[in-house]
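Inspection log for the structure reproduced underneath, given as structure tokens.
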Amino acid sequence: MLTRIDHIGIACFDLDKTVEFYRATYGFEVFHSEVNEEQGVREAMLKINETSDGGASYLQLLEPTREDSAVGKWLAKNGEGVHHIAFGTADVDAESADIRDKGVRVLYEEPRRGSMGSRITFLHPKDCHGVLTELVTSAPVESPEH
């Protein structure tokens, strides 16, 4: 069962400049930042609110660390903007299997490591009305890491 909008991923050319825009314009602060070498991105998670299931909702700002990364290729084609939407679930393995059984292509055979130690997979945008969709099982978060 999907429990919340976990985050909205926004691709950007300059992470620091984009973080400053969201800080100055909306007052959002960086809750967590990291470099994900496997996915070729530097990212910042801006916490928007707590959710009733004990999780939270975020904006995830993504700057590619290399041109051949998925986000780098996407930015070259589309420019800055909304890259994907992510839904939270207690069990990404079961949820992705259930969705696969409904005929939607799941992009990873096995979930991978995502932001803040989460487990993730993606659904093919052509099967989701043009929207790249991520499924996320969050790791327990005790305190912000920067």
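Ordered as shown in the structure tokens, chains take letters A, B, and onward, while each chain numbers its residues from 1 and ligands are numbered from 1 in the order shown.
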Long-range neighbours of A:Val35 as a list in words, 12 Å cut-off, only C-alpha atoms, 6 positions minimum in chain: Leu15, Val41, Arg42, Glu43, Ala44, Met45, Leu61, Leu62, Glu63, Pro64, Thr65, Arg66, Gly114, Ser115, Met116 and His146 of chain A
Write out the residues from the selection above, keeping N, CA, C and O atoms, as a short mmCIF file (atom, residue, chain, number, x, y, z; two decimals), in the first residue's frame.
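Dumped to part-v2.cif:
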data_model
loop_
_atom_site.label_atom_id
_atom_site.label_comp_id
_atom_site.auth_asym_id
_atom_site.auth_seq_id
_atom_site.Cartn_x
_atom_site.Cartn_y
_atom_site.Cartn_z
N LEU A 15 23.08 22.87 -7.77
CA LEU A 15 22.40 22.50 -6.53
C LEU A 15 22.43 23.63 -5.51
O LEU A 15 21.40 23.96 -4.91
N VAL A 41 24.54 11.54 -8.89
CA VAL A 41 23.92 12.80 -8.50
C VAL A 41 24.43 13.29 -7.15
O VAL A 41 24.84 12.51 -6.30
N ARG A 42 24.38 14.59 -7.01
CA ARG A 42 24.54 15.26 -5.72
C ARG A 42 23.15 15.77 -5.40
O ARG A 42 22.47 16.32 -6.27
N GLU A 43 22.70 15.53 -4.17
CA GLU A 43 21.31 15.86 -3.86
C GLU A 43 21.16 16.53 -2.51
O GLU A 43 22.00 16.39 -1.63
N ALA A 44 20.04 17.23 -2.39
CA ALA A 44 19.64 17.83 -1.12
C ALA A 44 18.16 17.52 -0.92
O ALA A 44 17.36 17.67 -1.83
N MET A 45 17.83 17.04 0.27
CA MET A 45 16.45 16.77 0.65
C MET A 45 15.97 17.92 1.52
O MET A 45 16.56 18.19 2.58
N LEU A 61 16.28 17.83 -4.49
CA LEU A 61 16.95 18.57 -5.54
C LEU A 61 18.13 17.75 -6.02
O LEU A 61 18.93 17.27 -5.21
N LEU A 62 18.23 17.56 -7.34
CA LEU A 62 19.22 16.66 -7.93
C LEU A 62 20.10 17.38 -8.94
O LEU A 62 19.60 17.93 -9.92
N GLU A 63 21.41 17.37 -8.71
CA GLU A 63 22.38 17.91 -9.65
C GLU A 63 23.24 16.75 -10.13
O GLU A 63 23.81 16.02 -9.31
N PRO A 64 23.36 16.54 -11.44
CA PRO A 64 24.19 15.43 -11.91
C PRO A 64 25.67 15.66 -11.61
O PRO A 64 26.15 16.80 -11.67
N THR A 65 26.38 14.58 -11.29
CA THR A 65 27.82 14.66 -11.10
C THR A 65 28.56 14.24 -12.36
O THR A 65 29.77 14.40 -12.45
N ARG A 66 27.81 13.70 -13.31
CA ARG A 66 28.39 13.34 -14.61
C ARG A 66 27.30 13.42 -15.68
O ARG A 66 26.13 13.19 -15.40
N GLY A 114 18.67 4.22 -1.92
CA GLY A 114 18.31 5.58 -2.28
C GLY A 114 18.76 6.56 -1.21
O GLY A 114 19.58 6.24 -0.36
N SER A 115 18.21 7.73 -1.22
CA SER A 115 18.54 8.80 -0.27
C SER A 115 18.31 8.36 1.16
O SER A 115 17.35 7.66 1.47
N MET A 116 19.17 8.80 2.02
CA MET A 116 19.05 8.60 3.47
C MET A 116 18.89 7.13 3.84
O MET A 116 18.21 6.79 4.79
N HIS A 146 24.12 16.13 7.35
CA HIS A 146 24.48 17.09 6.30
C HIS A 146 25.82 16.72 5.75
O HIS A 146 26.64 16.15 6.30
#
Filtered DSSP result for stretch 9-132 of chain A, state helix (DSSP H, G or I), as a VMD selection string: chain A and resid 15 to 26 70 to 78 92 to 101 115 to 117 125 to 127
Neighbour list for stretch 121-125 of chain A as a ChimeraX atom specification, cut-off 8 Å, only C-alpha atoms, skip fewer than 6 positions in-chain: /A:92,96,104-108,110-112,131-136
Selection near A:Val82, 8 Å with only C-alpha atoms, sequence-local residues under 3 positions removed, as number ranges by chain: A: 8-11
Separation of atom CA of A:Asp68 from atom CA of A:Lys47, in Å and rounded to one decimal: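 Going from atom CA of A:Asp68 over to atom CA of A:Lys47, I get 28.3 Å.
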For A:Ala90, the nearest of the candidates A:Asp14, A:Glu109, A:Asp53, A:Glu37, counting only C-alpha atoms: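 Between A:Asp14, A:Glu109, A:Asp53, A:Glu37, the residue approaching A:Ala90 most closely is A:Asp53.
For A:Glu29, the residues within 9 Å (counting only C-alpha atoms, excluding itself and residues fewer than 2 positions away along the chain) are Val19, Glu20, Tyr22, Arg23, Gly27, Phe31, Met45, Leu46, Lys47 and Ile48 of chain A.
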Include C-alpha atoms and write out the residues we just selected as a PDB file, in the first residue's frame.
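Full text of selection.pdb as output:
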ATOM      1  CA  VAL A  19      18.835  25.263  -2.570  1.00  0.00           C
ATOM      2  CA  GLU A  20      19.259  28.994  -1.977  1.00  0.00           C
ATOM      3  CA  TYR A  22      13.997  27.352  -2.044  1.00  0.00           C
ATOM      4  CA  ARG A  23      15.466  28.696   1.210  1.00  0.00           C
ATOM      5  CA  GLY A  27      11.948  29.086   3.900  1.00  0.00           C
ATOM      6  CA  PHE A  31      17.366  18.243   6.002  1.00  0.00           C
ATOM      7  CA  MET A  45      16.450  16.772   0.645  1.00  0.00           C
ATOM      8  CA  LEU A  46      14.317  19.698   1.815  1.00  0.00           C
ATOM      9  CA  LYS A  47      11.784  18.566   4.424  1.00  0.00           C
ATOM     10  CA  ILE A  48       8.304  19.935   3.829  1.00  0.00           C
TER      11      ILE A  48
END
